[in-house]
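A.B. asks: Here you go, structure31.tsv (TSV, C-alpha atoms):
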chain	number	residue	atom	x	y	z
A	438	MET	CA	-100.60	-34.79	-138.18
A	439	ALA	CA	-101.83	-38.32	-137.66
A	440	TYR	CA	-103.19	-37.60	-134.22
A	441	ARG	CA	-106.12	-35.20	-134.44
A	442	VAL	CA	-109.07	-35.05	-132.12
A	443	ALA	CA	-111.65	-32.60	-133.45
A	444	PRO	CA	-112.81	-30.95	-130.21
A	445	LEU	CA	-109.22	-30.58	-129.01
A	446	THR	CA	-108.04	-29.16	-132.33
A	447	LYS	CA	-110.91	-26.68	-132.23
A	448	LEU	CA	-109.99	-25.56	-128.74
A	449	ILE	CA	-106.32	-25.17	-129.70
A	450	GLU	CA	-107.36	-23.05	-132.69
A	451	GLN	CA	-109.43	-20.84	-130.43
A	452	PHE	CA	-106.46	-20.18	-128.17
A	453	GLU	CA	-104.19	-19.67	-131.16
A	454	ARG	CA	-106.20	-16.70	-132.38
A	455	LEU	CA	-105.53	-14.79	-129.18
A	456	PRO	CA	-102.86	-12.09	-129.49
A	457	GLY	CA	-99.36	-13.19	-128.55
A	458	ILE	CA	-100.32	-16.87	-128.31
A	459	GLY	CA	-98.46	-19.12	-130.77
A	460	LYS	CA	-99.07	-22.72	-131.80
A	461	LYS	CA	-97.18	-24.25	-128.87
A	462	SER	CA	-98.69	-22.00	-126.24
A	463	ALA	CA	-102.18	-22.60	-127.63
A	464	GLN	CA	-101.65	-26.35	-127.33
A	465	ARG	CA	-100.35	-25.99	-123.78
A	466	LEU	CA	-103.29	-23.80	-122.74
A	467	ALA	CA	-105.88	-26.06	-124.38
A	468	LEU	CA	-104.47	-29.16	-122.68
A	469	TYR	CA	-104.38	-27.28	-119.38
A	470	VAL	CA	-108.03	-26.32	-119.67
A	471	LEU	CA	-108.93	-29.90	-120.60
A	472	ASP	CA	-107.12	-31.06	-117.48
A	473	LEU	CA	-109.15	-28.78	-115.22
A	474	PRO	CA	-112.01	-30.27	-113.18
A	475	LYS	CA	-115.29	-30.06	-115.09
A	476	ASN	CA	-116.76	-27.24	-112.97
A	477	GLU	CA	-113.64	-25.09	-113.35
A	478	ALA	CA	-113.57	-25.49	-117.13
A	479	GLU	CA	-117.24	-24.52	-117.16
A	480	ALA	CA	-116.48	-21.50	-114.99
A	481	PHE	CA	-113.93	-20.42	-117.61
A	482	ALA	CA	-116.40	-20.76	-120.46
A	483	ASN	CA	-119.11	-18.99	-118.46
A	484	ALA	CA	-116.79	-16.11	-117.62
A	485	ILE	CA	-116.38	-15.50	-121.35
A	486	LEU	CA	-120.11	-15.70	-122.04
A	487	GLU	CA	-121.03	-13.57	-119.04
A	488	ALA	CA	-118.45	-10.89	-119.75
A	489	LYS	CA	-119.51	-10.74	-123.40
A	490	GLN	CA	-123.15	-10.58	-122.46
A	491	LYS	CA	-123.03	-8.08	-119.58
A	492	ILE	CA	-120.27	-5.71	-120.56
A	493	ARG	CA	-121.13	-2.68	-122.63
A	494	LYS	CA	-119.93	0.86	-123.09
A	495	CYS	CA	-120.55	3.47	-120.41
A	496	ARG	CA	-123.17	5.94	-121.64
A	497	ILE	CA	-120.87	8.88	-120.84
A	498	CYS	CA	-117.24	7.86	-121.32
A	499	CYS	CA	-117.57	4.73	-123.53
A	500	ASN	CA	-115.38	2.75	-121.12
A	501	LEU	CA	-116.37	-0.87	-120.49
A	502	THR	CA	-118.87	-1.44	-117.72
A	503	ASP	CA	-121.65	-3.78	-116.69
A	504	GLU	CA	-123.97	-0.93	-115.68
A	505	GLU	CA	-125.44	2.10	-117.40
A	506	LEU	CA	-122.55	4.23	-116.10
A	507	CYS	CA	-119.04	3.04	-115.33
A	508	PRO	CA	-117.77	3.23	-111.72
A	509	ILE	CA	-115.67	6.27	-112.58
A	510	CYS	CA	-118.43	8.32	-114.23
A	511	SER	CA	-120.85	7.46	-111.44
A	512	ASN	CA	-118.33	8.44	-108.76
A	513	GLU	CA	-119.47	11.74	-107.21
A	514	SER	CA	-115.99	12.68	-105.99
A	515	ARG	CA	-114.44	12.61	-109.46
A	516	ASP	CA	-113.69	15.93	-111.12
A	517	LYS	CA	-115.91	16.01	-114.21
A	518	SER	CA	-114.31	19.16	-115.64
A	519	ILE	CA	-111.18	17.36	-116.85
A	520	ILE	CA	-111.47	14.57	-119.43
A	521	CYS	CA	-108.52	12.30	-120.14
A	522	VAL	CA	-108.90	10.84	-123.65
A	523	VAL	CA	-107.40	7.36	-124.13
A	524	ALA	CA	-107.48	4.87	-126.98
A	525	GLU	CA	-108.35	1.67	-125.13
A	526	PRO	CA	-109.93	0.47	-121.87
A	527	LYS	CA	-106.56	-0.95	-120.84
A	528	ASP	CA	-105.14	2.57	-120.83
A	529	VAL	CA	-107.72	3.53	-118.20
A	530	ILE	CA	-106.59	0.59	-116.09
A	531	ALA	CA	-102.95	1.72	-116.47
A	532	LEU	CA	-103.71	5.33	-115.52
A	533	GLU	CA	-105.92	4.31	-112.59
A	534	ARG	CA	-103.02	2.30	-111.25
A	535	THR	CA	-101.13	5.55	-110.60
A	536	HIS	CA	-103.81	6.59	-108.07
A	537	GLU	CA	-102.96	10.15	-109.08
A	538	PHE	CA	-105.73	11.05	-111.47
A	539	ASN	CA	-109.03	12.08	-109.97
A	540	ALA	CA	-110.89	13.31	-113.01
A	541	VAL	CA	-112.73	11.30	-115.70
A	542	TYR	CA	-111.87	9.51	-118.92
A	543	HIS	CA	-113.09	9.09	-122.44
A	544	VAL	CA	-112.30	5.86	-124.28
A	545	LEU	CA	-112.07	6.16	-128.07
A	546	HIS	CA	-111.82	2.38	-128.66
A	547	GLY	CA	-108.98	2.74	-131.13
A	548	CYS	CA	-106.91	5.32	-132.94
A	549	ILE	CA	-107.36	6.92	-136.33
A	550	SER	CA	-105.48	4.73	-138.78
A	551	PRO	CA	-106.27	5.25	-142.48
A	552	MET	CA	-104.03	2.26	-143.32
A	553	ASP	CA	-106.43	-0.01	-141.43
A	554	GLY	CA	-109.49	1.85	-142.65
A	555	ILE	CA	-110.22	3.30	-139.22
A	556	GLY	CA	-111.51	6.85	-139.34
A	557	PRO	CA	-113.12	9.02	-136.66
A	558	GLU	CA	-116.52	7.47	-137.44
A	559	GLN	CA	-115.35	4.09	-136.16
A	560	LEU	CA	-114.22	5.60	-132.86
A	561	CYS	CA	-116.18	7.13	-129.97
A	562	VAL	CA	-115.40	10.68	-131.16
A	563	LYS	CA	-119.03	11.76	-131.56
A	564	GLU	CA	-119.68	10.90	-127.91
A	565	LEU	CA	-116.65	12.93	-126.81
A	566	LEU	CA	-117.73	16.01	-128.74
A	567	SER	CA	-121.30	15.93	-127.49
A	568	ARG	CA	-119.92	15.50	-123.97
A	569	ILE	CA	-117.81	18.63	-124.36
A	570	ASN	CA	-120.69	20.50	-126.00
A	571	GLY	CA	-122.78	19.57	-122.97
A	572	GLY	CA	-120.63	22.03	-120.99
A	573	GLY	CA	-118.71	21.95	-117.72
A	574	VAL	CA	-115.49	20.72	-119.30
A	575	ASN	CA	-112.38	22.87	-118.80
A	576	GLU	CA	-109.59	20.65	-120.04
A	577	VAL	CA	-109.15	17.66	-122.30
A	578	ILE	CA	-105.93	15.69	-121.80
A	579	MET	CA	-104.82	13.71	-124.85
A	580	ALA	CA	-103.42	10.46	-123.48
A	581	THR	CA	-103.23	8.41	-126.65
A	582	ASN	CA	-100.05	6.40	-127.21
A	583	PRO	CA	-96.94	8.20	-128.50
A	584	THR	CA	-97.19	6.33	-131.82
A	585	VAL	CA	-97.94	7.67	-135.28
A	586	GLU	CA	-101.62	6.73	-134.95
A	587	GLY	CA	-101.85	8.02	-131.38
A	588	GLU	CA	-100.29	11.34	-132.36
A	589	ALA	CA	-102.51	11.72	-135.41
A	590	THR	CA	-105.59	11.03	-133.30
A	591	ALA	CA	-104.50	13.58	-130.67
A	592	MET	CA	-103.85	16.19	-133.36
A	593	TYR	CA	-107.16	15.51	-135.08
A	594	LEU	CA	-109.16	15.77	-131.86
A	595	SER	CA	-107.36	18.87	-130.61
A	596	ARG	CA	-108.27	20.65	-133.83
A	597	LEU	CA	-111.92	19.76	-133.26
A	598	ILE	CA	-111.96	20.61	-129.57
A	599	LYS	CA	-109.92	23.84	-129.39
A	600	PRO	CA	-112.56	25.87	-131.31
A	601	LEU	CA	-115.03	24.89	-128.58
A	602	GLY	CA	-112.99	26.99	-126.16
A	603	VAL	CA	-111.66	24.09	-124.13
A	604	LYS	CA	-107.98	23.72	-123.13
A	605	VAL	CA	-106.37	20.70	-124.82
A	606	THR	CA	-103.19	19.22	-123.31
A	607	ARG	CA	-100.96	16.26	-124.11
A	608	LEU	CA	-99.14	13.83	-121.79
A	609	ALA	CA	-95.49	14.80	-121.27
A	610	TYR	CA	-92.77	13.07	-123.28
A	611	GLY	CA	-89.43	12.27	-121.69
A	612	ILE	CA	-87.14	9.61	-120.36
A	613	PRO	CA	-88.95	6.93	-118.34
A	614	VAL	CA	-88.30	6.93	-114.60
A	615	GLY	CA	-85.61	4.38	-113.81
A	616	GLY	CA	-84.55	4.45	-117.45
A	617	ASP	CA	-81.03	4.98	-118.72
A	618	LEU	CA	-79.98	7.93	-120.88
A	619	GLU	CA	-77.66	5.62	-122.78
A	620	TYR	CA	-80.57	3.51	-124.01
A	621	ALA	CA	-83.04	6.31	-124.66
A	622	ASP	CA	-83.64	6.96	-128.37
A	623	GLU	CA	-82.77	10.34	-129.89
A	624	VAL	CA	-86.37	11.45	-130.36
A	625	THR	CA	-87.24	10.77	-126.75
A	626	LEU	CA	-84.10	12.55	-125.56
A	627	LYS	CA	-84.86	15.57	-127.71
A	628	ARG	CA	-88.39	15.67	-126.28
A	629	ALA	CA	-86.99	15.32	-122.75
A	630	LEU	CA	-84.70	18.31	-123.40
A	631	ASP	CA	-87.51	20.36	-124.92
A	632	GLY	CA	-89.74	19.67	-121.98
A	633	ARG	CA	-87.15	20.31	-119.26
A	634	SER	CA	-88.37	22.01	-116.11
A	635	GLU	CA	-86.67	24.15	-113.50
A	636	LEU	CA	-85.40	22.49	-110.33
B	820	MET	CA	-107.92	-0.33	-108.33
B	821	ALA	CA	-110.72	2.18	-108.62
B	822	TYR	CA	-111.91	0.82	-111.95
B	823	ARG	CA	-113.33	-2.67	-111.52
B	824	VAL	CA	-116.06	-4.25	-113.55
B	825	ALA	CA	-117.04	-7.57	-112.04
B	826	PRO	CA	-117.54	-9.68	-115.22
B	827	LEU	CA	-114.31	-8.32	-116.70
B	828	THR	CA	-112.34	-8.92	-113.51
B	829	LYS	CA	-113.69	-12.47	-113.41
B	830	LEU	CA	-112.63	-13.11	-117.01
B	831	ILE	CA	-109.15	-11.67	-116.34
B	832	GLU	CA	-108.81	-13.96	-113.33
B	833	GLN	CA	-109.76	-16.96	-115.46
B	834	PHE	CA	-107.03	-16.16	-117.96
B	835	GLU	CA	-104.56	-15.46	-115.16
B	836	ARG	CA	-104.81	-19.01	-113.86
B	837	LEU	CA	-103.57	-20.43	-117.15
B	838	PRO	CA	-99.94	-21.54	-117.14
B	839	GLY	CA	-97.47	-18.90	-118.34
B	840	ILE	CA	-100.09	-16.13	-118.40
B	841	GLY	CA	-99.31	-13.24	-116.07
B	842	LYS	CA	-101.46	-10.33	-114.92
B	843	LYS	CA	-100.77	-8.16	-117.95
B	844	SER	CA	-101.27	-10.92	-120.50
B	845	ALA	CA	-104.49	-12.02	-118.82
B	846	GLN	CA	-105.81	-8.48	-119.08
B	847	ARG	CA	-104.81	-8.26	-122.72
B	848	LEU	CA	-106.44	-11.60	-123.57
B	849	ALA	CA	-109.65	-10.81	-121.67
B	850	LEU	CA	-110.02	-7.46	-123.43
B	851	TYR	CA	-109.33	-9.15	-126.75
B	852	VAL	CA	-112.07	-11.71	-126.18
B	853	LEU	CA	-114.46	-8.96	-125.11
B	854	ASP	CA	-113.69	-7.15	-128.34
B	855	LEU	CA	-114.58	-10.18	-130.48
B	856	PRO	CA	-117.96	-10.27	-132.22
B	857	LYS	CA	-120.58	-11.99	-130.06
B	858	ASN	CA	-120.68	-15.21	-132.11
B	859	GLU	CA	-116.90	-15.59	-132.03
B	860	ALA	CA	-116.71	-15.12	-128.27
B	861	GLU	CA	-119.45	-17.73	-127.94
B	862	ALA	CA	-117.52	-20.08	-130.22
B	863	PHE	CA	-114.56	-19.74	-127.85
B	864	ALA	CA	-116.64	-20.57	-124.80
B	865	ASN	CA	-118.33	-23.44	-126.59
B	866	ALA	CA	-115.00	-24.89	-127.71
B	867	ILE	CA	-114.04	-25.16	-124.03
B	868	LEU	CA	-117.33	-26.75	-123.04
B	869	GLU	CA	-117.38	-29.12	-126.00
B	870	ALA	CA	-113.78	-30.23	-125.57
B	871	LYS	CA	-114.33	-30.82	-121.86
B	872	GLN	CA	-117.52	-32.73	-122.52
B	873	LYS	CA	-116.46	-34.89	-125.45
B	874	ILE	CA	-112.83	-35.66	-124.80
B	875	ARG	CA	-111.97	-38.73	-122.78
B	876	LYS	CA	-109.20	-41.28	-122.51
B	877	CYS	CA	-108.72	-43.89	-125.23
B	878	ARG	CA	-109.73	-47.32	-123.87
B	879	ILE	CA	-106.38	-48.80	-124.96
B	880	CYS	CA	-103.65	-46.16	-124.74
B	881	CYS	CA	-105.26	-43.55	-122.42
B	882	ASN	CA	-104.49	-40.78	-124.91
B	883	LEU	CA	-107.12	-38.06	-125.33
B	884	THR	CA	-109.82	-38.81	-127.89
B	885	ASP	CA	-113.46	-38.09	-128.59
B	886	GLU	CA	-114.21	-41.71	-129.52
B	887	GLU	CA	-113.91	-45.07	-127.81
B	888	LEU	CA	-110.47	-45.56	-129.40
B	889	CYS	CA	-108.02	-42.83	-130.39
B	890	PRO	CA	-107.15	-42.42	-134.09
B	891	ILE	CA	-103.78	-44.09	-133.51
B	892	CYS	CA	-105.06	-47.21	-131.73
B	893	SER	CA	-107.84	-47.63	-134.28
B	894	ASN	CA	-105.39	-47.28	-137.19
B	895	GLU	CA	-104.93	-50.75	-138.74
B	896	SER	CA	-101.55	-49.90	-140.28
B	897	ARG	CA	-99.94	-49.09	-136.93
B	898	ASP	CA	-97.55	-51.63	-135.46
B	899	LYS	CA	-99.19	-52.75	-132.21
B	900	SER	CA	-96.15	-54.73	-131.01
B	901	ILE	CA	-94.19	-51.63	-130.00
B	902	ILE	CA	-95.55	-49.31	-127.31
B	903	CYS	CA	-94.02	-45.91	-126.75
B	904	VAL	CA	-94.74	-44.76	-123.18
B	905	VAL	CA	-95.06	-40.99	-122.68
B	906	ALA	CA	-96.07	-38.82	-119.76
B	907	GLU	CA	-98.52	-36.44	-121.42
B	908	PRO	CA	-100.75	-36.15	-124.51
B	909	LYS	CA	-98.56	-33.30	-125.74
B	910	ASP	CA	-95.65	-35.73	-125.99
B	911	VAL	CA	-97.66	-37.83	-128.44
B	912	ILE	CA	-98.25	-34.72	-130.54
B	913	ALA	CA	-94.49	-33.98	-130.48
B	914	LEU	CA	-93.52	-37.51	-131.49
B	915	GLU	CA	-96.19	-37.70	-134.20
B	916	ARG	CA	-94.71	-34.53	-135.67
B	917	THR	CA	-91.56	-36.49	-136.59
B	918	HIS	CA	-93.64	-38.70	-138.96
B	919	GLU	CA	-91.10	-41.42	-138.12
B	920	PHE	CA	-92.88	-43.51	-135.56
B	921	ASN	CA	-95.41	-46.01	-136.84
B	922	ALA	CA	-96.20	-47.99	-133.69
B	923	VAL	CA	-98.52	-47.08	-130.83
B	924	TYR	CA	-98.38	-45.05	-127.62
B	925	HIS	CA	-99.35	-45.24	-124.00
B	926	VAL	CA	-100.04	-42.03	-122.12
B	927	LEU	CA	-99.38	-42.13	-118.38
B	928	HIS	CA	-100.90	-38.70	-117.66
B	929	GLY	CA	-98.05	-37.67	-115.42
B	930	CYS	CA	-94.85	-38.95	-113.88
B	931	ILE	CA	-94.19	-40.53	-110.53
B	932	SER	CA	-93.37	-37.69	-108.15
B	933	PRO	CA	-93.50	-38.51	-104.43
B	934	MET	CA	-92.91	-34.80	-103.64
B	935	ASP	CA	-96.24	-33.96	-105.27
B	936	GLY	CA	-97.94	-37.05	-103.89
B	937	ILE	CA	-98.16	-38.70	-107.31
B	938	GLY	CA	-97.60	-42.43	-107.20
B	939	PRO	CA	-98.18	-45.12	-109.86
B	940	GLU	CA	-101.84	-45.40	-108.76
B	941	GLN	CA	-102.56	-41.87	-109.98
B	942	LEU	CA	-101.10	-42.67	-113.42
B	943	CYS	CA	-102.34	-44.98	-116.20
B	944	VAL	CA	-99.86	-47.71	-115.20
B	945	LYS	CA	-102.48	-50.39	-114.54
B	946	GLU	CA	-103.77	-49.97	-118.09
B	947	LEU	CA	-100.25	-50.31	-119.51
B	948	LEU	CA	-99.56	-53.52	-117.61
B	949	SER	CA	-102.84	-55.17	-118.58
B	950	ARG	CA	-102.13	-54.16	-122.17
B	951	ILE	CA	-98.74	-55.89	-122.06
B	952	ASN	CA	-100.23	-58.88	-120.27
B	953	GLY	CA	-102.76	-59.11	-123.10
B	954	GLY	CA	-99.88	-60.25	-125.30
B	955	GLY	CA	-98.51	-59.28	-128.71
B	956	VAL	CA	-96.12	-56.64	-127.34
B	957	ASN	CA	-92.42	-57.04	-128.16
B	958	GLU	CA	-90.95	-53.75	-127.07
B	959	VAL	CA	-91.80	-50.90	-124.74
B	960	ILE	CA	-89.99	-47.62	-125.41
B	961	MET	CA	-89.72	-45.34	-122.39
B	962	ALA	CA	-90.14	-41.83	-123.75
B	963	THR	CA	-90.70	-39.92	-120.53
B	964	ASN	CA	-88.83	-36.63	-120.15
B	965	PRO	CA	-85.13	-36.70	-119.15
B	966	THR	CA	-85.98	-35.16	-115.76
B	967	VAL	CA	-85.70	-36.68	-112.30
B	968	GLU	CA	-89.39	-37.63	-112.34
B	969	GLY	CA	-89.27	-38.91	-115.90
B	970	GLU	CA	-86.23	-41.06	-115.18
B	971	ALA	CA	-87.74	-42.43	-111.98
B	972	THR	CA	-90.94	-43.32	-113.83
B	973	ALA	CA	-89.00	-45.04	-116.62
B	974	MET	CA	-86.96	-47.01	-114.09
B	975	TYR	CA	-90.02	-47.99	-112.09
B	976	LEU	CA	-91.94	-49.18	-115.15
B	977	SER	CA	-88.99	-51.05	-116.65
B	978	ARG	CA	-88.66	-53.03	-113.42
B	979	LEU	CA	-92.32	-53.99	-113.68
B	980	ILE	CA	-92.25	-54.79	-117.40
B	981	LYS	CA	-88.95	-56.65	-117.84
B	982	PRO	CA	-90.10	-59.69	-115.80
B	983	LEU	CA	-92.96	-60.02	-118.29
B	984	GLY	CA	-90.39	-60.93	-120.94
B	985	VAL	CA	-90.76	-57.72	-122.95
B	986	LYS	CA	-87.84	-55.66	-124.20
B	987	VAL	CA	-87.70	-52.23	-122.55
B	988	THR	CA	-85.77	-49.41	-124.24
B	989	ARG	CA	-85.17	-45.74	-123.52
B	990	LEU	CA	-84.93	-42.74	-125.87
B	991	ALA	CA	-81.31	-41.85	-126.68
B	992	TYR	CA	-79.59	-39.03	-124.84
B	993	GLY	CA	-77.18	-36.73	-126.59
B	994	ILE	CA	-76.57	-33.31	-128.00
B	995	PRO	CA	-79.59	-31.83	-129.78
B	996	VAL	CA	-79.33	-31.53	-133.56
B	997	GLY	CA	-78.27	-28.00	-134.42
B	998	GLY	CA	-76.97	-27.54	-130.88
B	999	ASP	CA	-73.56	-26.33	-129.90
B	1000	LEU	CA	-71.06	-28.42	-127.92
B	1001	GLU	CA	-69.97	-25.28	-126.12
B	1002	TYR	CA	-73.42	-24.80	-124.62
B	1003	ALA	CA	-74.20	-28.45	-123.86
B	1004	ASP	CA	-74.09	-29.27	-120.16
B	1005	GLU	CA	-71.61	-31.83	-118.82
B	1006	VAL	CA	-74.19	-34.53	-118.13
B	1007	THR	CA	-75.57	-34.35	-121.65
B	1008	LEU	CA	-72.06	-34.41	-123.14
B	1009	LYS	CA	-71.12	-37.44	-121.04
B	1010	ARG	CA	-74.30	-39.21	-122.20
B	1011	ALA	CA	-73.50	-38.25	-125.80
B	1012	LEU	CA	-70.04	-39.77	-125.43
B	1013	ASP	CA	-71.40	-42.92	-123.76
B	1014	GLY	CA	-73.94	-43.36	-126.53
B	1015	ARG	CA	-71.55	-42.70	-129.43
B	1016	SER	CA	-72.08	-44.82	-132.53
B	1017	GLU	CA	-69.76	-45.91	-135.31
B	1018	LEU	CA	-69.71	-43.85	-138.51
Please re-express this file's structure in structure tokens.

C.D. replies:
Amino acid sequence: MAYRVAPLTKLIEQFERLPGIGKKSAQRLALYVLDLPKNEAEAFANAILEAKQKIRKCRICCNLTDEELCPICSNESRDKSIICVVAEPKDVIALERTHEFNAVYHVLHGCISPMDGIGPEQLCVKELLSRINGGGVNEVIMATNPTVEGEATAMYLSRLIKPLGVKVTRLAYGIPVGGDLEYADEVTLKRALDGRSEL
Amino acid sequence: MAYRVAPLTKLIEQFERLPGIGKKSAQRLALYVLDLPKNEAEAFANAILEAKQKIRKCRICCNLTDEELCPICSNESRDKSIICVVAEPKDVIALERTHEFNAVYHVLHGCISPMDGIGPEQLCVKELLSRINGGGVNEVIMATNPTVEGEATAMYLSRLIKPLGVKVTRLAYGIPVGGDLEYADEVTLKRALDGRSEL
């Protein structure tokens, strides 16, 4: 390309590395940021630096927080006897959006995936076990994704946790609300049949 | 939402303001950036600051550059007698990608749009006229988008430039290469017919 301006190219490359952002989108975003007033572009850059600098893992549940404990772990009204184990912080956000869960979480920060060289040591498994060993936990809900890696992680953890005398459960499988039987895949339908409940 | 961490929320909001980035994408991007190693997240923030700080308008063509003149205007082998007028820097990038155009550009930084309160004063029109008045220009190609605003801008400029004794041309309209007549709209088809050339 004959027209290259180093700082612009660098900014485009930075946007391009983000997930789901292609060449064209990266260019559009970079030009948009360049077009912002100076103070707003600085606010963007500072938000990145500040978030990176201040955010760390909660001492108890390993979720992201800017304090020693995350808002959920430090909430007195939350039921600490049930731990919902999720792979990523975004899963906590999704579950919190239901406004139905009043217990606490544990964020693994990934799933076991031997193909990618990710074993239990790379995840926050140690923290989960010591939390359970600390006592007061009655149930651990496995809320990892229904993927191969998510399933493997749930199986692995349940085998570690069950011997500690704690109930281990898994999120229900089934057809999504508002979904259409016609478009549901066979595996999901079979699981929906298996898990049927009385009306 | 019960789970809010101020620096993370702020970063999500910054991503959300970008064009074409919704709530979910913003969350995904913010969490991705947070997950980057510290030096890479800093590189991202610095790319924004550096681009914003260093990039300015080329003294001749108003395109974005980090020097006094953009690489195209300072290129000796470029034909300075033909000016291709575009609305945005991204249009220069698109045209340069053809590797077919060896003259120079002029970037207006927008189109005339009375609805949005954008008149010729807000655009780099003054710079274009003084450039033409400076002499040595034989042709001005209007390469604004084929939208209402782009057309209006092209018409407005051609009325200003023609009296200066300079040829004013417009990009050809027609069916896109690889397109399908069936899916071309009537206006485009009519323009394609009007602009037909002998084989």

A.B. asks: Can you check the Cα RMSD once chain A has been least-squares fitted onto chain B over every paired atom, in order?

C.D. replies: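 Once chain A is fitted onto chain B, the C-alpha RMSD works out to 0.1 Å.
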
A.B. asks: Starting from chain B, keep only residues with some atom at most 9 Å from an atom of chain A, counting all atoms listed in the file, and report them as a PyMOL selection string.

C.D. replies: chain B and resi 820-831+833-834+837-839+844+846-857+860-874+883-886+889-891+908-909+911-912+915-916+918

A.B. asks: Quick one: distance from CA of Ser896 in chain B to CA of Asn921 in chain B in Å, one decimal?

C.D. replies: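 CA of Ser896 in chain B sits 8.0 Å away from CA of Asn921 in chain B.
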
A.B. asks: Using all atoms listed in the file, which of B:Gly955, B:Gly841, B:Pro995, B:Gly969 sits nearest Asp898 in chain B?

C.D. replies: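 Going through B:Gly955, B:Gly841, B:Pro995, B:Gly969 one by one, the smallest distance to Asp898 in chain B is for B:Gly955.
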
A.B. asks: Pull the neighbourhood of (-104.0, 16.3, -127.0) for me: all residues within 6 Å in file coordinates, counting all atoms listed in the file, as JSON, numbers by chain.

C.D. replies: {"A": [578, 579, 591, 595, 605, 606, 607]}

A.B. asks: Of the residues A:Val522, A:Ala540, A:Asp553, A:Leu565, which is the one nearest to Arg496 in chain A, using only C-alpha atoms?

C.D. replies: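 Between A:Val522, A:Ala540, A:Asp553, A:Leu565, the residue approaching Arg496 in chain A most closely is A:Leu565.
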
A.B. asks: Determine, counting all atoms listed in the file, which protein, DNA and RNA residues have an atom within 7 Å of an atom of Glu968 in chain B; residues of the same chain fewer than 3 positions away are not included. Present the result as a PyMOL selection string.

C.D. replies: chain B and resi 930-932+971-972

A.B. asks: Quick one, how far is CA of Ile879 in chain B from CA of Glu970 in chain B?

C.D. replies: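 CA of Glu970 in chain B lies at a distance of 23.7 Å from CA of Ile879 in chain B.
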
A.B. asks: Figure out the distance between CA of Leu594 in chain A and CA of Leu630 in chain A, please, to one decimal in Å.

C.D. replies: 26.0 Å
